[in-house]
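Source file final35.cif; content: mmCIF, C-alpha atoms and all ligand atoms.
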```cif
data_upload
#
loop_
_atom_site.label_atom_id
_atom_site.label_comp_id
_atom_site.auth_asym_id
_atom_site.auth_seq_id
_atom_site.Cartn_x
_atom_site.Cartn_y
_atom_site.Cartn_z
CA MET E 24 -69.60 -8.24 -54.96
CA PHE E 25 -66.60 -8.47 -57.31
CA ARG E 26 -66.03 -6.43 -60.44
CA ARG E 27 -63.62 -7.18 -63.28
CA ILE E 28 -62.00 -4.14 -64.83
CA THR E 29 -59.66 -4.11 -67.84
CA ARG E 30 -57.72 -0.88 -68.35
CA ASN E 31 -54.46 -0.22 -70.19
CA GLY E 32 -54.14 -3.94 -70.83
CA ILE E 33 -54.28 -4.78 -67.13
CA SER E 34 -57.13 -6.88 -65.89
CA ILE E 35 -58.03 -6.61 -62.21
CA ILE E 36 -60.76 -7.76 -59.88
CA THR E 37 -61.99 -5.21 -57.35
CA VAL E 38 -64.64 -4.93 -54.62
CA PRO E 39 -66.37 -1.61 -55.48
CA GLU E 40 -68.87 -1.61 -52.59
CA LEU E 41 -66.17 -2.01 -49.98
CA GLU E 42 -64.32 0.92 -51.50
CA SER E 43 -67.27 3.26 -51.91
CA SER E 44 -68.81 2.51 -48.51
CA PHE E 45 -65.74 2.05 -46.34
CA GLY E 46 -62.71 3.37 -48.23
CA ILE E 47 -61.07 -0.03 -48.37
CA ARG E 48 -59.51 -1.00 -51.70
CA VAL E 49 -59.10 -4.67 -52.59
CA ILE E 50 -57.38 -5.68 -55.84
CA PHE E 51 -56.50 -9.03 -57.42
CA THR E 52 -54.24 -8.99 -60.49
CA ASN E 53 -53.57 -11.65 -63.13
CA ARG E 54 -50.76 -12.14 -65.65
CA LEU E 55 -52.09 -9.93 -68.45
CA GLY E 56 -50.76 -6.55 -69.54
CA GLY E 57 -47.16 -6.51 -68.33
CA PHE E 58 -43.62 -6.41 -69.73
CA SER E 59 -42.07 -9.71 -68.60
CA LYS E 60 -41.08 -12.31 -71.18
CA GLY E 61 -40.86 -16.08 -71.47
CA PRO E 62 -42.28 -18.09 -68.56
CA TYR E 63 -42.90 -14.83 -66.69
CA GLU E 64 -45.12 -13.32 -69.37
CA SER E 65 -46.29 -10.80 -68.63
CA LEU E 66 -47.41 -8.99 -65.44
CA ASN E 67 -45.12 -10.82 -63.01
CA LEU E 68 -45.00 -8.89 -59.73
CA SER E 69 -42.36 -10.95 -57.91
CA PHE E 70 -38.69 -9.96 -57.75
CA ASN E 71 -37.86 -13.38 -56.38
CA VAL E 72 -38.72 -15.88 -59.13
CA GLY E 73 -35.86 -15.41 -61.61
CA ASP E 74 -37.46 -12.74 -63.78
CA ASP E 75 -35.54 -9.70 -65.00
CA TYR E 76 -35.54 -6.91 -62.35
CA GLU E 77 -36.31 -4.07 -64.78
CA SER E 78 -39.35 -5.89 -66.18
CA VAL E 79 -40.77 -6.56 -62.72
CA LEU E 80 -40.18 -2.97 -61.70
CA ALA E 81 -41.95 -1.75 -64.86
CA ASN E 82 -44.84 -4.14 -64.11
CA ARG E 83 -45.08 -2.89 -60.54
CA MET E 84 -45.03 0.73 -61.67
CA LYS E 85 -47.84 0.01 -64.12
CA VAL E 86 -49.93 -1.69 -61.41
CA ALA E 87 -49.12 1.11 -58.94
CA ARG E 88 -50.59 3.63 -61.40
CA GLU E 89 -53.64 1.45 -61.96
CA ILE E 90 -54.40 0.95 -58.27
CA GLU E 91 -53.38 4.55 -57.51
CA ILE E 92 -50.96 3.61 -54.74
CA PRO E 93 -47.25 4.38 -55.35
CA LEU E 94 -44.56 1.75 -54.79
CA SER E 95 -43.26 3.88 -51.93
CA ASN E 96 -46.49 2.93 -50.10
CA TRP E 97 -46.45 -0.81 -50.89
CA VAL E 98 -45.53 -3.41 -48.28
CA THR E 99 -44.61 -6.91 -49.45
CA MET E 100 -43.38 -10.02 -47.66
CA LYS E 101 -40.65 -12.63 -47.94
CA GLN E 102 -43.24 -15.39 -47.84
CA ILE E 103 -42.25 -18.72 -46.32
CA HIS E 104 -45.49 -20.77 -46.09
CA SER E 105 -45.77 -20.04 -42.37
CA ASN E 106 -48.48 -18.70 -40.07
CA HIS E 107 -46.47 -15.64 -39.01
CA VAL E 108 -48.38 -12.39 -39.11
CA ILE E 109 -46.81 -8.92 -38.95
CA VAL E 110 -48.72 -5.83 -37.89
CA ILE E 111 -47.17 -3.12 -40.00
CA LYS E 112 -46.02 0.24 -38.68
CA GLU E 113 -45.71 3.62 -40.33
CA GLU E 114 -41.97 3.06 -40.92
CA ASP E 115 -42.64 -0.16 -42.87
CA LYS E 116 -44.17 1.88 -45.70
CA GLY E 117 -42.42 1.02 -48.95
CA ARG E 118 -40.71 -2.14 -47.69
CA GLY E 119 -40.40 -4.57 -50.57
CA GLY E 120 -41.87 -2.01 -52.95
CA ILE E 121 -38.95 -1.71 -55.35
CA ASP E 122 -36.81 -4.66 -54.29
CA TYR E 123 -37.00 -8.02 -52.60
CA ASN E 124 -34.39 -7.46 -49.88
CA SER E 125 -36.32 -4.82 -48.00
CA ALA E 126 -39.58 -6.86 -47.91
CA LEU E 127 -40.81 -7.88 -44.45
CA PRO E 128 -38.96 -11.07 -43.56
CA SER E 129 -40.36 -14.51 -42.72
CA CYS E 130 -44.07 -13.91 -42.68
CA ASP E 131 -47.17 -14.78 -44.69
CA ALA E 132 -49.70 -12.24 -43.50
CA LEU E 133 -49.85 -8.51 -42.84
CA VAL E 134 -52.22 -6.47 -40.72
CA SER E 135 -52.52 -2.73 -41.33
CA SER E 136 -54.44 0.22 -40.00
CA ILE E 137 -52.26 2.77 -41.78
CA PRO E 138 -54.05 4.78 -44.46
CA GLY E 139 -52.59 4.82 -47.96
CA VAL E 140 -50.54 1.65 -47.59
CA ALA E 141 -51.06 -1.28 -49.99
CA CYS E 142 -50.31 -4.59 -48.29
CA ALA E 143 -49.61 -7.31 -50.84
CA ALA E 144 -49.45 -11.07 -51.03
CA LEU E 145 -47.87 -12.70 -54.11
CA VAL E 146 -49.30 -16.00 -55.32
CA ALA E 147 -49.44 -18.59 -58.08
CA ASP E 148 -51.96 -21.32 -57.05
CA CYS E 149 -51.79 -20.56 -53.30
CA VAL E 150 -54.82 -18.82 -51.83
CA PRO E 151 -54.69 -15.04 -51.38
CA VAL E 152 -57.04 -13.92 -48.60
CA VAL E 153 -58.09 -10.43 -47.56
CA ILE E 154 -59.79 -9.79 -44.23
CA ALA E 155 -61.25 -6.36 -43.57
CA CYS E 156 -62.77 -4.71 -40.54
CA PRO E 157 -64.62 -1.69 -41.97
CA SER E 158 -65.75 -0.25 -38.64
CA GLY E 159 -62.31 -0.71 -37.10
CA HIS E 160 -60.47 0.76 -40.12
CA ALA E 161 -58.09 -2.17 -40.25
CA VAL E 162 -57.27 -4.73 -42.91
CA ALA E 163 -55.18 -7.83 -43.46
CA VAL E 164 -53.82 -9.92 -46.30
CA ALA E 165 -52.63 -13.51 -46.10
CA HIS E 166 -50.90 -16.04 -48.35
CA ALA E 167 -52.19 -19.57 -47.75
CA GLY E 168 -50.87 -22.52 -49.70
CA TRP E 169 -51.46 -26.03 -48.40
CA ARG E 170 -48.78 -25.58 -45.74
CA GLY E 171 -50.19 -22.24 -44.64
CA ALA E 172 -53.69 -23.72 -44.60
CA LEU E 173 -52.56 -26.54 -42.30
CA LEU E 174 -50.81 -23.99 -40.08
CA LYS E 175 -54.03 -21.93 -40.05
CA VAL E 176 -52.42 -18.72 -41.24
CA CYS E 177 -55.87 -17.17 -41.81
CA VAL E 178 -56.94 -17.92 -38.24
CA GLU E 179 -53.78 -16.29 -36.90
CA THR E 180 -54.37 -13.32 -39.20
CA SER E 181 -57.93 -12.86 -38.00
CA LYS E 182 -56.75 -13.01 -34.36
CA GLU E 183 -54.11 -10.35 -34.98
CA LEU E 184 -56.64 -8.17 -36.75
CA GLU E 185 -59.04 -8.46 -33.80
CA GLU E 186 -56.25 -7.44 -31.47
CA ASP E 187 -55.16 -4.57 -33.67
CA CYS E 188 -58.57 -3.01 -34.26
CA GLY E 189 -60.21 -4.01 -30.98
CA LEU E 190 -63.31 -5.42 -32.64
CA PRO E 191 -64.52 -9.04 -32.85
CA SER E 192 -64.22 -11.08 -36.04
CA SER E 193 -68.02 -11.08 -36.30
CA GLU E 194 -67.52 -7.57 -37.73
CA PHE E 195 -65.10 -8.74 -40.43
CA LEU E 196 -65.49 -9.44 -44.12
CA ALA E 197 -63.23 -11.84 -46.01
CA PHE E 198 -62.33 -12.15 -49.67
CA VAL E 199 -60.79 -15.32 -51.04
CA GLY E 200 -58.94 -14.73 -54.29
CA PRO E 201 -58.13 -16.87 -57.34
CA HIS E 202 -56.33 -20.10 -56.44
CA VAL E 203 -55.94 -23.69 -57.58
CA CYS E 204 -59.40 -25.32 -57.62
CA ALA E 205 -60.58 -28.56 -56.05
CA ASN E 206 -60.44 -30.38 -59.41
CA CYS E 207 -56.88 -29.31 -60.12
CA PHE E 208 -55.20 -29.60 -56.74
CA GLU E 209 -53.93 -33.15 -56.77
CA VAL E 210 -51.78 -34.31 -53.86
CA GLY E 211 -50.01 -37.46 -52.71
CA GLU E 212 -51.00 -39.68 -49.79
CA GLU E 213 -48.74 -37.87 -47.35
CA ILE E 214 -50.37 -34.45 -47.80
CA ALA E 215 -53.84 -36.00 -48.06
CA GLU E 216 -53.34 -37.67 -44.68
CA LYS E 217 -52.57 -34.32 -43.06
CA PHE E 218 -55.80 -32.82 -44.37
CA LEU E 219 -57.89 -35.94 -43.63
CA ARG E 220 -57.28 -35.50 -39.91
CA GLU E 221 -58.89 -32.07 -39.73
CA TYR E 222 -60.73 -31.45 -42.99
CA PRO E 223 -61.96 -34.85 -44.23
CA HIS E 224 -64.71 -33.39 -46.41
CA ALA E 225 -62.20 -31.23 -48.28
CA VAL E 226 -60.32 -34.36 -49.42
CA ARG E 227 -61.68 -36.15 -52.49
CA ARG E 228 -60.43 -39.51 -53.61
CA LYS E 229 -60.84 -39.81 -57.36
CA GLU E 230 -60.03 -42.65 -59.71
CA PHE E 231 -56.72 -41.03 -60.62
CA GLY E 232 -55.47 -39.48 -57.40
CA ILE E 233 -56.48 -37.42 -54.42
CA LYS E 234 -57.73 -33.85 -54.70
CA ILE E 235 -58.00 -31.17 -52.02
CA ASP E 236 -60.42 -28.29 -51.90
CA LEU E 237 -58.17 -25.59 -50.42
CA GLY E 238 -60.89 -22.95 -50.79
CA MET E 239 -63.19 -25.03 -48.59
CA VAL E 240 -60.49 -25.41 -45.94
CA ILE E 241 -59.85 -21.67 -45.86
CA ARG E 242 -63.55 -20.84 -45.75
CA GLU E 243 -64.06 -23.27 -42.87
CA GLN E 244 -61.19 -21.69 -40.94
CA LEU E 245 -62.52 -18.19 -41.49
CA GLU E 246 -65.93 -19.27 -40.19
CA GLU E 247 -64.34 -21.14 -37.31
CA CYS E 248 -62.61 -17.98 -36.14
CA GLY E 249 -65.90 -16.11 -36.10
CA ILE E 250 -66.30 -14.41 -39.48
CA PRO E 251 -69.95 -14.83 -40.55
CA ALA E 252 -70.37 -17.23 -43.50
CA GLU E 253 -72.36 -14.65 -45.44
CA MET E 254 -69.46 -12.20 -45.08
CA ILE E 255 -66.98 -14.49 -46.83
CA PHE E 256 -66.75 -13.96 -50.59
CA GLU E 257 -64.81 -16.19 -52.95
CA ILE E 258 -63.68 -15.58 -56.52
CA ASP E 259 -64.34 -18.69 -58.59
CA ASP E 260 -61.35 -18.40 -60.96
CA CYS E 261 -58.89 -21.27 -60.82
CA THR E 262 -55.26 -20.30 -61.40
CA MET E 263 -54.50 -23.70 -62.90
CA CYS E 264 -57.51 -24.06 -65.25
CA ASP E 265 -57.46 -20.43 -66.32
CA SER E 266 -54.47 -19.37 -68.43
CA ARG E 267 -54.94 -15.71 -67.48
CA TYR E 268 -53.22 -16.59 -64.20
CA TYR E 269 -49.78 -17.74 -63.12
CA SER E 270 -49.89 -21.31 -61.90
CA PHE E 271 -46.91 -22.86 -60.13
CA ARG E 272 -48.29 -26.32 -60.88
CA ARG E 273 -49.38 -25.85 -64.49
CA LEU E 274 -46.08 -24.13 -65.37
CA LYS E 275 -43.92 -26.61 -63.46
CA GLY E 276 -42.50 -24.14 -60.97
CA ILE E 277 -40.93 -21.64 -63.38
CA THR E 278 -43.40 -18.82 -63.53
CA GLY E 279 -44.37 -15.41 -62.17
CA ARG E 280 -46.70 -14.28 -59.41
CA GLN E 281 -49.94 -12.34 -59.43
CA ALA E 282 -50.82 -10.17 -56.45
CA CYS E 283 -53.57 -9.45 -54.02
CA PHE E 284 -53.62 -5.99 -52.47
CA VAL E 285 -55.58 -4.43 -49.66
CA ALA E 286 -55.38 -0.79 -48.65
CA ILE E 287 -57.19 1.64 -46.42
CA LEU E 288 -57.57 4.76 -48.53
ZN ZN E 301 -58.85 -25.79 -61.74
#
```
Once you've parsed the file, please lay out its structure as structure tokens.
Amino acid sequence: MFRRITRNGISIITVPELESSFGIRVIFTNRLGGFSKGPYESLNLSFNVGDDYESVLANRMKVAREIEIPLSNWVTMKQIHSNHVIVIKEEDKGRGGIDYNSALPSCDALVSSIPGVACAALVADCVPVVIACPSGHAVAVAHAGWRGALLKVCVETSKELEEDCGLPSSEFLAFVGPHVCANCFEVGEEIAEKFLREYPHAVRRKEFGIKIDLGMVIREQLEECGIPAEMIFEIDDCTMCDSRYYSFRRLKGITGRQACFVAIL
């Protein structure tokens, strides 16, 4: 289902079948091939993590060329670990493309049925999720960390997508991108308790701490809201184990963000 492509130093994961059959482009980036320095090395795509503006802009321009969607057609979010979903409109095109201030405020998921627009979620350990309705020509992207997972941001996103395209979630496909894996995601008692109530099998007590399988939680939610299990595809890469990715946890909070894009061509 997924294909890894390295071009001009940038390494992306795509879903070729979705693009060739339905004209829906899905892209996951990592940290390789950009201009940022120090803890942001090198393809940091966030304007909001302390990196130099010019470097991030250069990185975004390079990615824009690679994914063939100009920054004037990107839509990004001021993510807040919520379950707020925004259905984008024609006039939102370009918001958050070349700066942080114009990004869509206070939301963690976008729904779009506008051709040519790349909706993006920025992550470093949190789970990037794409939901697509090929027959309804509508797509969505969500950012789900542990807070977003508990708030069921993916369930809210799927509901909004159903409403927007008028088709049931049984017609959807979902793609779960690189995120912190079940072996790496260690949490304290307080967070573990929250997950134990609803997702006991995703909580693993080990000799040295408690681990949570966020991917399992997200997958369960996607199935719960009606997306067929066989239509949910997950990339195995762990952002914390794999140094090709930015990891908020591995890099102690000072780091960049990789992106997940979805666009109707
Ligand atoms: Zn890991």
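With all atoms listed in the file as the atoms that count, the minimum distance from E:Leu133 to the choices E:Pro223, E:Pro151, E:Gly238, E:Gly56 is reached by E:Pro151.
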Inset, instruction - Please provide as a PyMOL selection string all residues within 12 Å of E:Val199, with the sequence filter that same-chain residues fewer than 5 positions apart are discarded (counting all atoms listed in the file). - result: chain E and resi 24-25+36-38+49-51+149-155+164-167+177+237-245+254-261+283-284
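Every residue within 7 Å of the file position (-47.4, -15.3, -57.9), judged by all atoms listed in the file, is given as E:Ser69, E:Leu145, E:Val146, E:Ala147, E:Tyr269, E:Gly279, E:Arg280, E:Gln281, E:Ala282.
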Legend entry - Surroundings of ligand ZN 301 (chain E) up to 9 Å, based on all atoms listed in the file, as a ChimeraX atom specification: /E:202-208,260-265
Legend entry - Separation of atom CA of E:Thr52 from atom CA of E:Leu80 in Å: 15.3 Å
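For E:Leu219, the non-local neighbours within 12 Å, defined as residues at least 5 positions apart in the same chain or in other chains and counting only C-alpha atoms, are E:Leu173, E:Glu212, E:Glu213, E:Ile214, E:His224, E:Ala225, E:Val226, E:Arg227, E:Arg228, E:Ile233, E:Lys234, E:Ile235, E:Asp236, E:Val240.
Atom CA of E:Pro191 sits 26.0 Å away from atom CA of E:His104.
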Legend entry - Within 12 Å of E:Gly189 using all atoms listed in the file, minus same-chain residues under 2 positions, as a PyMOL selection string: chain E and resi 136+156+158-161+181-187+191-195
Legend entry - Point-to-point distance in Å for atom CA of E:Glu246 and atom CA of E:Lys112: 27.9 Å
Legend entry - Which residue of E:Ile33, E:Ile250, E:Val285, E:Ile90 approaches E:Ala132 most closely, using only C-alpha atoms: E:Val285
Inset, instruction - Counting all atoms listed in the file, figure out which residue out of E:Arg27, E:Arg48, E:Arg272, E:Lys217 gets nearest to E:Glu91. - result: E:Arg48
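The environment of E:Lys60 within 12 Å, counting all atoms listed in the file and disregarding residues fewer than 5 places along the same chain, consists of Arg54, Leu55, Ser65, Leu66, Asn67, Gly73, Asp74, Asp75, Tyr76, Glu77, Ser78, Val79, Asn82, Thr278 and Gly279 of chain E.
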Inset, instruction - Please provide the set of residues having any atom within 9 Å of E:Arg170, restricted to all atoms listed in the file, with same-chain residues fewer than 5 positions apart removed, written as a ChimeraX atom specification. - result: /E:104-106,175-176
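The closest residue to E:Tyr123, picked from E:Phe231, E:Met100, E:Phe198, E:Arg30 and counting all atoms listed in the file, is E:Met100.
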Enclose stretch 92-99 of chain E, meaning all of its atoms listed in the file, in a box aligned along x, y and z, pad it by 4 Å on each side, and list the centre and edge lengths in Å to one decimal, as JSON.
```
{"center_x": -47.1, "center_y": -1.3, "center_z": -51.8, "size_x": 15.7, "size_y": 19.3, "size_z": 15.1}
```
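Of the listed residues E:Ile111, E:Cys130, E:Leu196, E:Val72, the one whose atoms come nearest to E:Leu41 is E:Leu196, with distances taken using only C-alpha atoms.
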Legend entry - Option closest in space to E:Gly119, from E:Pro157, E:Phe70, E:Met84, E:Ser59 [counting all atoms listed in the file]: E:Phe70
Starting from the incomplete input, reconstruct N, CA and C atoms of stretch 155-171 of chain E and write that as a JSON list (two decimals), in the coordinates of the input.
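Below you can see selection-v2.json, which holds the result:
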```json
[["chain", "number", "residue", "atom", "x", "y", "z"],
["E", 155, "ALA", "N", -61.09, -7.79, -43.82],
["E", 155, "ALA", "CA", -61.25, -6.36, -43.57],
["E", 155, "ALA", "C", -62.20, -6.12, -42.42],
["E", 156, "CYS", "N", -61.86, -5.13, -41.59],
["E", 156, "CYS", "CA", -62.77, -4.71, -40.54],
["E", 156, "CYS", "C", -63.16, -3.26, -40.84],
["E", 157, "PRO", "N", -64.27, -3.05, -41.55],
["E", 157, "PRO", "CA", -64.62, -1.69, -41.97],
["E", 157, "PRO", "C", -64.82, -0.74, -40.80],
["E", 158, "SER", "N", -65.50, -1.19, -39.74],
["E", 158, "SER", "CA", -65.75, -0.25, -38.64],
["E", 158, "SER", "C", -64.50, 0.01, -37.80],
["E", 159, "GLY", "N", -63.54, -0.91, -37.86],
["E", 159, "GLY", "CA", -62.31, -0.71, -37.10],
["E", 159, "GLY", "C", -61.20, -0.10, -37.93],
["E", 160, "HIS", "N", -61.47, 0.19, -39.21],
["E", 160, "HIS", "CA", -60.47, 0.76, -40.12],
["E", 160, "HIS", "C", -59.17, -0.02, -40.09],
["E", 161, "ALA", "N", -59.29, -1.33, -40.21],
["E", 161, "ALA", "CA", -58.09, -2.17, -40.25],
["E", 161, "ALA", "C", -58.30, -3.29, -41.27],
["E", 162, "VAL", "N", -57.19, -3.71, -41.87],
["E", 162, "VAL", "CA", -57.27, -4.73, -42.91],
["E", 162, "VAL", "C", -56.12, -5.72, -42.77],
["E", 163, "ALA", "N", -56.25, -6.85, -43.48],
["E", 163, "ALA", "CA", -55.18, -7.83, -43.46],
["E", 163, "ALA", "C", -55.14, -8.57, -44.79],
["E", 164, "VAL", "N", -53.95, -9.06, -45.12],
["E", 164, "VAL", "CA", -53.82, -9.92, -46.30],
["E", 164, "VAL", "C", -52.99, -11.13, -45.90],
["E", 165, "ALA", "N", -53.36, -12.30, -46.44],
["E", 165, "ALA", "CA", -52.63, -13.51, -46.10],
["E", 165, "ALA", "C", -52.37, -14.34, -47.34],
["E", 166, "HIS", "N", -51.28, -15.10, -47.29],
["E", 166, "HIS", "CA", -50.90, -16.04, -48.35],
["E", 166, "HIS", "C", -51.03, -17.43, -47.75],
["E", 167, "ALA", "N", -51.95, -18.23, -48.32],
["E", 167, "ALA", "CA", -52.19, -19.57, -47.75],
["E", 167, "ALA", "C", -52.10, -20.64, -48.82],
["E", 168, "GLY", "N", -50.98, -21.31, -48.87],
["E", 168, "GLY", "CA", -50.87, -22.52, -49.70],
["E", 168, "GLY", "C", -51.32, -23.69, -48.83],
["E", 169, "TRP", "N", -51.00, -24.92, -49.23],
["E", 169, "TRP", "CA", -51.46, -26.03, -48.40],
["E", 169, "TRP", "C", -50.75, -26.04, -47.04],
["E", 170, "ARG", "N", -49.49, -25.62, -47.03],
["E", 170, "ARG", "CA", -48.78, -25.58, -45.74],
["E", 170, "ARG", "C", -49.38, -24.51, -44.83],
["E", 171, "GLY", "N", -49.60, -23.34, -45.41],
["E", 171, "GLY", "CA", -50.19, -22.24, -44.64],
["E", 171, "GLY", "C", -51.59, -22.59, -44.16]]
```
